[in-house]
$ cat start18.cif   # mmCIF, N, CA and C atoms and all ligand atoms
data_work
loop_
_atom_site.label_atom_id
_atom_site.label_comp_id
_atom_site.auth_asym_id
_atom_site.auth_seq_id
_atom_site.Cartn_x
_atom_site.Cartn_y
_atom_site.Cartn_z
N MET A 7 -102.89 -39.90 12.04
CA MET A 7 -102.24 -38.91 12.91
C MET A 7 -100.76 -39.27 13.09
N ILE A 8 -99.91 -38.25 13.00
CA ILE A 8 -98.47 -38.45 13.12
C ILE A 8 -97.99 -37.76 14.40
N ALA A 9 -97.12 -38.42 15.14
CA ALA A 9 -96.52 -37.79 16.32
C ALA A 9 -95.20 -37.15 15.91
N LEU A 10 -94.99 -35.93 16.34
CA LEU A 10 -93.73 -35.23 16.07
C LEU A 10 -93.06 -34.91 17.40
N SER A 11 -91.73 -35.03 17.43
CA SER A 11 -91.02 -34.64 18.64
C SER A 11 -89.58 -34.29 18.29
N SER A 12 -88.97 -33.48 19.12
CA SER A 12 -87.57 -33.11 18.89
C SER A 12 -86.95 -32.65 20.20
N ASP A 13 -85.63 -32.56 20.19
CA ASP A 13 -84.94 -31.81 21.24
C ASP A 13 -84.70 -30.40 20.69
N HIS A 14 -83.87 -29.62 21.39
CA HIS A 14 -83.61 -28.24 20.96
C HIS A 14 -82.93 -28.20 19.59
N ALA A 15 -82.00 -29.15 19.35
CA ALA A 15 -81.27 -29.14 18.08
C ALA A 15 -82.18 -29.48 16.91
N GLY A 16 -83.16 -30.33 17.17
CA GLY A 16 -84.08 -30.74 16.11
C GLY A 16 -85.26 -29.82 15.95
N PHE A 17 -85.41 -28.87 16.87
CA PHE A 17 -86.58 -27.98 16.87
C PHE A 17 -86.84 -27.28 15.52
N PRO A 18 -85.82 -26.65 14.91
CA PRO A 18 -86.11 -25.94 13.64
C PRO A 18 -86.58 -26.89 12.54
N LEU A 19 -86.01 -28.08 12.50
CA LEU A 19 -86.41 -29.04 11.46
C LEU A 19 -87.83 -29.54 11.72
N LYS A 20 -88.15 -29.80 12.98
CA LYS A 20 -89.51 -30.22 13.31
C LYS A 20 -90.52 -29.14 12.87
N GLU A 21 -90.16 -27.88 13.11
CA GLU A 21 -91.08 -26.80 12.74
C GLU A 21 -91.29 -26.76 11.23
N SER A 22 -90.23 -26.99 10.46
CA SER A 22 -90.40 -26.96 9.00
C SER A 22 -91.17 -28.19 8.51
N ILE A 23 -91.03 -29.31 9.20
CA ILE A 23 -91.82 -30.51 8.86
C ILE A 23 -93.30 -30.26 9.15
N LYS A 24 -93.59 -29.53 10.22
CA LYS A 24 -94.99 -29.19 10.52
C LYS A 24 -95.61 -28.41 9.37
N GLN A 25 -94.86 -27.48 8.84
CA GLN A 25 -95.34 -26.67 7.70
C GLN A 25 -95.64 -27.58 6.50
N PHE A 26 -94.74 -28.52 6.26
CA PHE A 26 -94.90 -29.47 5.15
C PHE A 26 -96.16 -30.33 5.35
N LEU A 27 -96.35 -30.82 6.57
CA LEU A 27 -97.53 -31.65 6.86
C LEU A 27 -98.80 -30.83 6.75
N ASP A 28 -98.74 -29.58 7.17
CA ASP A 28 -99.91 -28.68 7.02
C ASP A 28 -100.28 -28.56 5.55
N GLU A 29 -99.28 -28.35 4.70
CA GLU A 29 -99.53 -28.21 3.25
C GLU A 29 -100.14 -29.47 2.67
N LYS A 30 -99.74 -30.62 3.21
CA LYS A 30 -100.25 -31.90 2.69
C LYS A 30 -101.57 -32.31 3.36
N GLY A 31 -101.98 -31.54 4.35
CA GLY A 31 -103.23 -31.86 5.06
C GLY A 31 -103.10 -33.07 5.97
N ILE A 32 -101.88 -33.34 6.43
CA ILE A 32 -101.66 -34.49 7.33
C ILE A 32 -101.69 -33.99 8.78
N LEU A 33 -102.52 -34.65 9.59
CA LEU A 33 -102.67 -34.23 10.99
C LEU A 33 -101.52 -34.75 11.83
N TYR A 34 -101.14 -33.98 12.84
CA TYR A 34 -100.04 -34.39 13.72
C TYR A 34 -100.28 -33.91 15.14
N VAL A 35 -99.58 -34.57 16.06
CA VAL A 35 -99.51 -34.13 17.45
C VAL A 35 -98.09 -33.66 17.68
N ASP A 36 -97.91 -32.46 18.17
CA ASP A 36 -96.58 -31.93 18.43
C ASP A 36 -96.23 -32.12 19.90
N CYS A 37 -95.27 -33.02 20.16
CA CYS A 37 -94.86 -33.32 21.54
C CYS A 37 -93.73 -32.39 22.01
N GLY A 38 -93.43 -31.33 21.28
CA GLY A 38 -92.32 -30.43 21.61
C GLY A 38 -91.05 -30.93 20.93
N ALA A 39 -89.97 -30.25 21.10
CA ALA A 39 -89.76 -29.02 21.85
C ALA A 39 -90.60 -27.89 21.26
N TYR A 40 -90.94 -26.96 22.13
CA TYR A 40 -91.75 -25.83 21.69
C TYR A 40 -90.93 -24.55 21.54
N SER A 41 -89.63 -24.66 21.77
CA SER A 41 -88.73 -23.51 21.61
C SER A 41 -87.32 -24.07 21.45
N PRO A 42 -86.36 -23.21 21.07
CA PRO A 42 -84.98 -23.71 20.95
C PRO A 42 -84.28 -23.90 22.30
N ALA A 43 -85.00 -23.73 23.40
CA ALA A 43 -84.37 -23.94 24.73
C ALA A 43 -83.99 -25.41 24.90
N SER A 44 -82.89 -25.63 25.59
CA SER A 44 -82.34 -26.98 25.71
C SER A 44 -83.31 -27.97 26.38
N VAL A 45 -83.50 -29.10 25.72
CA VAL A 45 -84.32 -30.18 26.28
C VAL A 45 -83.69 -31.50 25.82
N ASP A 46 -83.62 -32.47 26.73
CA ASP A 46 -82.92 -33.73 26.42
C ASP A 46 -83.77 -34.62 25.51
N TYR A 47 -83.12 -35.26 24.56
CA TYR A 47 -83.85 -36.02 23.54
C TYR A 47 -84.48 -37.34 24.03
N PRO A 48 -83.94 -38.04 25.08
CA PRO A 48 -84.54 -39.36 25.36
C PRO A 48 -86.03 -39.31 25.70
N TYR A 49 -86.42 -38.42 26.61
CA TYR A 49 -87.84 -38.37 26.97
C TYR A 49 -88.69 -37.70 25.90
N GLN A 50 -88.04 -36.90 25.05
CA GLN A 50 -88.76 -36.36 23.89
C GLN A 50 -89.12 -37.50 22.94
N ALA A 51 -88.20 -38.45 22.80
CA ALA A 51 -88.47 -39.63 21.96
C ALA A 51 -89.62 -40.42 22.57
N LYS A 52 -89.55 -40.64 23.88
CA LYS A 52 -90.57 -41.48 24.54
C LYS A 52 -91.98 -40.91 24.40
N LYS A 53 -92.10 -39.59 24.53
CA LYS A 53 -93.43 -38.96 24.44
C LYS A 53 -94.11 -39.33 23.12
N ALA A 54 -93.39 -39.21 22.02
CA ALA A 54 -93.98 -39.49 20.71
C ALA A 54 -94.17 -41.00 20.51
N CYS A 55 -93.20 -41.78 20.97
CA CYS A 55 -93.29 -43.24 20.79
C CYS A 55 -94.46 -43.82 21.58
N ASP A 56 -94.74 -43.27 22.75
CA ASP A 56 -95.89 -43.74 23.53
C ASP A 56 -97.19 -43.54 22.75
N LEU A 57 -97.27 -42.47 22.00
CA LEU A 57 -98.48 -42.22 21.19
C LEU A 57 -98.61 -43.24 20.06
N VAL A 58 -97.48 -43.70 19.54
CA VAL A 58 -97.50 -44.72 18.49
C VAL A 58 -97.90 -46.07 19.08
N VAL A 59 -97.26 -46.44 20.17
CA VAL A 59 -97.52 -47.74 20.79
C VAL A 59 -98.97 -47.84 21.26
N SER A 60 -99.50 -46.74 21.76
CA SER A 60 -100.90 -46.77 22.26
C SER A 60 -101.92 -46.73 21.13
N GLY A 61 -101.46 -46.45 19.90
CA GLY A 61 -102.36 -46.43 18.76
C GLY A 61 -102.98 -45.07 18.47
N VAL A 62 -102.66 -44.07 19.28
CA VAL A 62 -103.17 -42.72 19.03
C VAL A 62 -102.60 -42.20 17.70
N CYS A 63 -101.32 -42.49 17.47
CA CYS A 63 -100.66 -42.09 16.22
C CYS A 63 -100.17 -43.33 15.48
N GLU A 64 -100.21 -43.27 14.15
CA GLU A 64 -99.75 -44.45 13.41
C GLU A 64 -98.24 -44.47 13.23
N LYS A 65 -97.64 -43.30 13.16
CA LYS A 65 -96.18 -43.22 13.01
C LYS A 65 -95.69 -41.97 13.73
N ALA A 66 -94.36 -41.89 13.89
CA ALA A 66 -93.76 -40.68 14.47
C ALA A 66 -92.57 -40.24 13.66
N VAL A 67 -92.31 -38.95 13.69
CA VAL A 67 -91.10 -38.38 13.10
C VAL A 67 -90.39 -37.61 14.21
N LEU A 68 -89.14 -37.98 14.45
CA LEU A 68 -88.36 -37.41 15.55
C LEU A 68 -87.12 -36.72 15.01
N CYS A 69 -86.78 -35.59 15.58
CA CYS A 69 -85.59 -34.84 15.13
C CYS A 69 -84.69 -34.50 16.31
N CYS A 70 -83.40 -34.76 16.15
CA CYS A 70 -82.40 -34.20 17.07
C CYS A 70 -81.26 -33.71 16.18
N GLY A 71 -80.09 -33.45 16.76
CA GLY A 71 -79.00 -32.91 15.94
C GLY A 71 -78.56 -33.87 14.86
N THR A 72 -78.31 -35.11 15.26
CA THR A 72 -77.86 -36.12 14.31
C THR A 72 -78.97 -37.08 13.88
N GLY A 73 -80.03 -37.14 14.67
CA GLY A 73 -81.07 -38.16 14.47
C GLY A 73 -80.73 -39.45 15.18
N ILE A 74 -79.50 -39.55 15.65
CA ILE A 74 -79.03 -40.83 16.21
C ILE A 74 -79.47 -41.02 17.67
N GLY A 75 -79.21 -40.02 18.50
CA GLY A 75 -79.57 -40.15 19.92
C GLY A 75 -81.05 -40.42 20.09
N ILE A 76 -81.85 -39.66 19.36
CA ILE A 76 -83.30 -39.80 19.52
C ILE A 76 -83.79 -41.15 18.96
N SER A 77 -83.07 -41.69 17.97
CA SER A 77 -83.44 -43.02 17.45
C SER A 77 -83.04 -44.11 18.44
N MET A 78 -81.91 -43.92 19.12
CA MET A 78 -81.49 -44.91 20.13
C MET A 78 -82.53 -44.97 21.25
N ALA A 79 -82.97 -43.80 21.69
CA ALA A 79 -83.99 -43.76 22.76
C ALA A 79 -85.30 -44.37 22.27
N ALA A 80 -85.70 -44.03 21.06
CA ALA A 80 -86.97 -44.53 20.51
C ALA A 80 -86.96 -46.05 20.45
N ASN A 81 -85.84 -46.62 20.06
CA ASN A 81 -85.78 -48.08 19.90
C ASN A 81 -85.77 -48.83 21.23
N LYS A 82 -85.70 -48.11 22.33
CA LYS A 82 -85.84 -48.75 23.66
C LYS A 82 -87.30 -48.91 24.05
N VAL A 83 -88.19 -48.26 23.31
CA VAL A 83 -89.62 -48.36 23.64
C VAL A 83 -90.19 -49.60 22.95
N ARG A 84 -90.78 -50.49 23.73
CA ARG A 84 -91.32 -51.73 23.20
C ARG A 84 -92.34 -51.46 22.08
N GLY A 85 -92.13 -52.12 20.95
CA GLY A 85 -93.07 -51.95 19.84
C GLY A 85 -92.61 -50.93 18.81
N ILE A 86 -91.53 -50.23 19.14
CA ILE A 86 -91.04 -49.20 18.21
C ILE A 86 -89.91 -49.76 17.35
N ARG A 87 -90.01 -49.49 16.06
CA ARG A 87 -88.92 -49.77 15.12
C ARG A 87 -88.57 -48.43 14.48
N ALA A 88 -87.52 -47.81 15.02
CA ALA A 88 -87.14 -46.47 14.58
C ALA A 88 -85.94 -46.55 13.65
N ALA A 89 -86.00 -45.78 12.58
CA ALA A 89 -84.90 -45.75 11.60
C ALA A 89 -84.39 -44.32 11.46
N CYS A 90 -83.09 -44.17 11.63
CA CYS A 90 -82.45 -42.86 11.42
C CYS A 90 -82.00 -42.80 9.97
N CYS A 91 -82.57 -41.92 9.21
CA CYS A 91 -82.32 -41.87 7.76
C CYS A 91 -81.87 -40.48 7.32
N SER A 92 -80.99 -40.47 6.34
CA SER A 92 -80.65 -39.19 5.70
C SER A 92 -80.68 -39.32 4.19
N ASP A 93 -81.12 -40.46 3.69
CA ASP A 93 -81.27 -40.62 2.24
C ASP A 93 -82.62 -41.26 1.91
N TYR A 94 -83.08 -40.97 0.71
CA TYR A 94 -84.40 -41.37 0.25
C TYR A 94 -84.57 -42.89 0.23
N PHE A 95 -83.55 -43.59 -0.27
CA PHE A 95 -83.62 -45.05 -0.39
C PHE A 95 -83.87 -45.70 0.97
N SER A 96 -83.12 -45.25 1.98
CA SER A 96 -83.27 -45.84 3.31
C SER A 96 -84.64 -45.56 3.90
N ALA A 97 -85.13 -44.32 3.70
CA ALA A 97 -86.45 -43.97 4.26
C ALA A 97 -87.54 -44.80 3.60
N LYS A 98 -87.36 -45.11 2.32
CA LYS A 98 -88.35 -45.93 1.60
C LYS A 98 -88.26 -47.40 2.02
N TYR A 99 -87.05 -47.92 2.05
CA TYR A 99 -86.89 -49.36 2.31
C TYR A 99 -87.07 -49.74 3.77
N THR A 100 -86.91 -48.77 4.67
CA THR A 100 -87.17 -49.12 6.07
C THR A 100 -88.68 -49.29 6.29
N ARG A 101 -89.49 -48.73 5.43
CA ARG A 101 -90.94 -49.01 5.44
C ARG A 101 -91.20 -50.35 4.72
N LEU A 102 -90.65 -50.52 3.54
CA LEU A 102 -90.92 -51.73 2.75
C LEU A 102 -90.47 -53.00 3.47
N HIS A 103 -89.28 -52.95 4.05
CA HIS A 103 -88.67 -54.18 4.58
C HIS A 103 -88.72 -54.31 6.10
N ASN A 104 -88.64 -53.17 6.81
CA ASN A 104 -88.56 -53.24 8.29
C ASN A 104 -89.87 -52.84 8.97
N ASP A 105 -90.83 -52.38 8.20
CA ASP A 105 -92.08 -51.86 8.78
C ASP A 105 -91.78 -50.85 9.89
N ALA A 106 -90.79 -49.99 9.65
CA ALA A 106 -90.43 -48.97 10.65
C ALA A 106 -91.64 -48.10 10.93
N ASN A 107 -91.82 -47.80 12.21
CA ASN A 107 -92.95 -46.92 12.57
C ASN A 107 -92.49 -45.56 13.06
N VAL A 108 -91.18 -45.37 13.12
CA VAL A 108 -90.65 -44.06 13.53
C VAL A 108 -89.48 -43.68 12.61
N LEU A 109 -89.54 -42.47 12.10
CA LEU A 109 -88.46 -41.93 11.26
C LEU A 109 -87.70 -40.89 12.09
N CYS A 110 -86.38 -41.04 12.14
CA CYS A 110 -85.56 -40.09 12.89
C CYS A 110 -84.65 -39.33 11.93
N LEU A 111 -84.59 -38.02 12.13
CA LEU A 111 -83.86 -37.15 11.21
C LEU A 111 -82.88 -36.27 11.99
N GLY A 112 -81.76 -35.97 11.37
CA GLY A 112 -80.74 -35.12 11.98
C GLY A 112 -80.79 -33.72 11.41
N ALA A 113 -81.16 -32.77 12.25
CA ALA A 113 -81.29 -31.39 11.79
C ALA A 113 -79.94 -30.77 11.43
N ARG A 114 -78.86 -31.37 11.97
CA ARG A 114 -77.52 -30.87 11.64
C ARG A 114 -76.91 -31.68 10.50
N VAL A 115 -77.69 -32.59 9.95
CA VAL A 115 -77.20 -33.49 8.89
C VAL A 115 -77.85 -33.17 7.55
N ILE A 116 -79.17 -32.99 7.57
CA ILE A 116 -79.91 -32.73 6.33
C ILE A 116 -80.71 -31.43 6.45
N GLY A 117 -81.03 -30.87 5.30
CA GLY A 117 -81.81 -29.64 5.26
C GLY A 117 -83.30 -29.94 5.19
N PRO A 118 -84.11 -28.89 5.27
CA PRO A 118 -85.56 -29.07 5.28
C PRO A 118 -86.12 -29.68 3.99
N GLY A 119 -85.52 -29.37 2.84
CA GLY A 119 -86.02 -29.92 1.58
C GLY A 119 -85.87 -31.43 1.55
N ALA A 120 -84.69 -31.91 1.90
CA ALA A 120 -84.46 -33.36 1.93
C ALA A 120 -85.34 -34.00 2.99
N ALA A 121 -85.46 -33.35 4.13
CA ALA A 121 -86.29 -33.91 5.23
C ALA A 121 -87.72 -34.10 4.76
N ASN A 122 -88.27 -33.14 4.05
CA ASN A 122 -89.65 -33.27 3.57
C ASN A 122 -89.80 -34.47 2.63
N GLU A 123 -88.81 -34.68 1.78
CA GLU A 123 -88.88 -35.83 0.86
C GLU A 123 -88.83 -37.15 1.62
N LEU A 124 -88.00 -37.18 2.65
CA LEU A 124 -87.89 -38.41 3.45
C LEU A 124 -89.19 -38.67 4.21
N VAL A 125 -89.75 -37.61 4.77
CA VAL A 125 -91.02 -37.74 5.50
C VAL A 125 -92.11 -38.22 4.54
N ASP A 126 -92.13 -37.63 3.36
CA ASP A 126 -93.16 -37.95 2.38
C ASP A 126 -93.10 -39.44 1.99
N VAL A 127 -91.92 -39.92 1.66
CA VAL A 127 -91.82 -41.33 1.22
C VAL A 127 -92.05 -42.27 2.40
N PHE A 128 -91.58 -41.87 3.57
CA PHE A 128 -91.78 -42.72 4.76
C PHE A 128 -93.27 -42.89 5.07
N LEU A 129 -94.00 -41.79 4.98
CA LEU A 129 -95.43 -41.85 5.34
C LEU A 129 -96.28 -42.49 4.26
N SER A 130 -95.79 -42.50 3.03
CA SER A 130 -96.65 -42.99 1.93
C SER A 130 -96.29 -44.39 1.44
N THR A 131 -95.28 -45.01 2.05
CA THR A 131 -94.85 -46.34 1.59
C THR A 131 -95.37 -47.41 2.55
N ALA A 132 -95.98 -48.43 1.97
CA ALA A 132 -96.54 -49.53 2.79
C ALA A 132 -95.49 -50.62 3.03
N PHE A 133 -95.62 -51.32 4.13
CA PHE A 133 -94.77 -52.49 4.42
C PHE A 133 -95.07 -53.57 3.38
N GLU A 134 -93.99 -54.19 2.89
CA GLU A 134 -94.14 -55.20 1.84
C GLU A 134 -94.62 -56.54 2.39
N GLY A 135 -94.36 -56.81 3.66
CA GLY A 135 -94.77 -58.09 4.25
C GLY A 135 -94.01 -59.25 3.62
N GLY A 136 -94.69 -60.38 3.38
CA GLY A 136 -94.05 -61.54 2.75
C GLY A 136 -92.86 -62.01 3.56
N ARG A 137 -91.73 -62.21 2.88
CA ARG A 137 -90.54 -62.74 3.55
C ARG A 137 -90.01 -61.80 4.63
N HIS A 138 -90.41 -60.54 4.58
CA HIS A 138 -89.92 -59.58 5.57
C HIS A 138 -90.67 -59.68 6.89
N GLN A 139 -91.86 -60.25 6.84
CA GLN A 139 -92.67 -60.33 8.06
C GLN A 139 -91.97 -61.14 9.14
N LYS A 140 -91.41 -62.30 8.75
CA LYS A 140 -90.80 -63.15 9.78
C LYS A 140 -89.58 -62.47 10.41
N ARG A 141 -88.92 -61.62 9.64
CA ARG A 141 -87.74 -60.91 10.18
C ARG A 141 -88.18 -59.84 11.18
N VAL A 142 -89.25 -59.17 10.84
CA VAL A 142 -89.80 -58.17 11.78
C VAL A 142 -90.28 -58.89 13.04
N ASP A 143 -90.89 -60.07 12.85
CA ASP A 143 -91.34 -60.86 14.00
C ASP A 143 -90.14 -61.26 14.88
N GLN A 144 -89.01 -61.53 14.24
CA GLN A 144 -87.82 -61.89 15.01
C GLN A 144 -87.32 -60.72 15.85
N ILE A 145 -87.46 -59.51 15.32
CA ILE A 145 -87.10 -58.32 16.10
C ILE A 145 -87.97 -58.27 17.36
N THR A 146 -89.25 -58.54 17.17
CA THR A 146 -90.18 -58.53 18.32
C THR A 146 -89.82 -59.63 19.31
N GLU A 147 -89.44 -60.82 18.77
CA GLU A 147 -89.05 -61.94 19.65
C GLU A 147 -87.86 -61.52 20.53
N ILE A 148 -86.89 -60.87 19.92
CA ILE A 148 -85.70 -60.44 20.67
C ILE A 148 -86.11 -59.43 21.74
N GLU A 149 -87.02 -58.53 21.35
CA GLU A 149 -87.52 -57.53 22.30
C GLU A 149 -88.17 -58.23 23.50
N ASN A 150 -88.90 -59.31 23.22
CA ASN A 150 -89.60 -60.03 24.28
C ASN A 150 -88.67 -60.88 25.14
N MET A 151 -87.43 -61.08 24.70
CA MET A 151 -86.44 -61.82 25.51
C MET A 151 -85.84 -60.93 26.59
N GLN A 152 -86.00 -59.62 26.45
CA GLN A 152 -85.32 -58.70 27.39
C GLN A 152 -86.02 -58.68 28.74
C1 LIG A 201 -77.66 -32.02 21.24
O1 LIG A 201 -76.60 -31.14 21.29
C2 LIG A 201 -77.29 -33.25 20.44
O2 LIG A 201 -76.36 -34.00 21.12
C3 LIG A 201 -78.51 -34.07 20.12
O3 LIG A 201 -79.43 -33.28 19.43
C4 LIG A 201 -78.32 -35.28 19.23
O4 LIG A 201 -77.56 -34.97 18.12
C5 LIG A 201 -77.87 -36.50 19.90
O5 LIG A 201 -77.79 -37.57 19.28
#
$ encode --input "start18.cif" --output "structure tokens"
Amino acid sequence: MIALSSDHAGFPLKESIKQFLDEKGILYVDCGAYSPASVDYPYQAKKACDLVVSGVCEKAVLCCGTGIGISMAANKVRGIRAACCSDYFSAKYTRLHNDANVLCLGARVIGPGAANELVDVFLSTAFEGGRHQKRVDQITEIENMQ
């Protein structure tokens, strides 16, 4: 199960990602926005991230205008490793090397076709582990120092 969330700016991209996930038969929980009406991205990020941290969802995809604000908010949630990506290589390697559990996309940065490719590679790429595990553990250690 994938958690989806957006603010008003990310709403159209989230809706097109839903269509893509439907075509692929991937189940999701839609945390809103449910319309283009203005809604602030920080708590939209938290809603989806809480589902990841609690184990209800394995990953989340978040959309705002740039992908940046919603990724900043997501990374404040303990246990979340959110990556804001607009290219295929980054979306792939943030899974391979960072074990990212949240992908953030900018609806004003990339179009729906590119977004679908990023979502696809993000959801289908496994964490490589090995030498990358201790680095991910260090991220958690820093989180636990706060
Ligand atoms: C909303 O206008 C916009 O600021 C927001 O979607 C996002 O881009 C923030 O990072």
$ atom_distance --input "start18.cif" --atom1 "atom N of Lys53 of chain A" --atom2 "atom CA of Ala121 of chain A"
20.9 Å
$ axis_aligned_box --input "start18.cif" --around "segment 49-52 of chain A" --padding-each-side "8 Å" --output "lines of an AutoDock Vina configuration file"
center_x = -89.2
center_y = -38.9
center_z = 24.5
size_x = 21.6
size_y = 21.1
size_z = 21.0
$ atom_distance --input "start18.cif" --atom1 "atom CA of Val62 of chain A" --atom2 "atom CA of Leu10 of chain A"
12.4 Å
$ closest_residue --input "start18.cif" --among "A:Ile148, A:Leu68, A:Ile32, A:Leu129" --to "Ala80 of chain A" --atoms "only C-alpha atoms"
A:Leu68
$ closest_residue --input "start18.cif" --among "A:Val115, A:Val125, A:Cys91, A:Met151" --to "ligand LIG 201 (chain A)" --atoms "only C-alpha atoms and all ligand atoms"
A:Val115
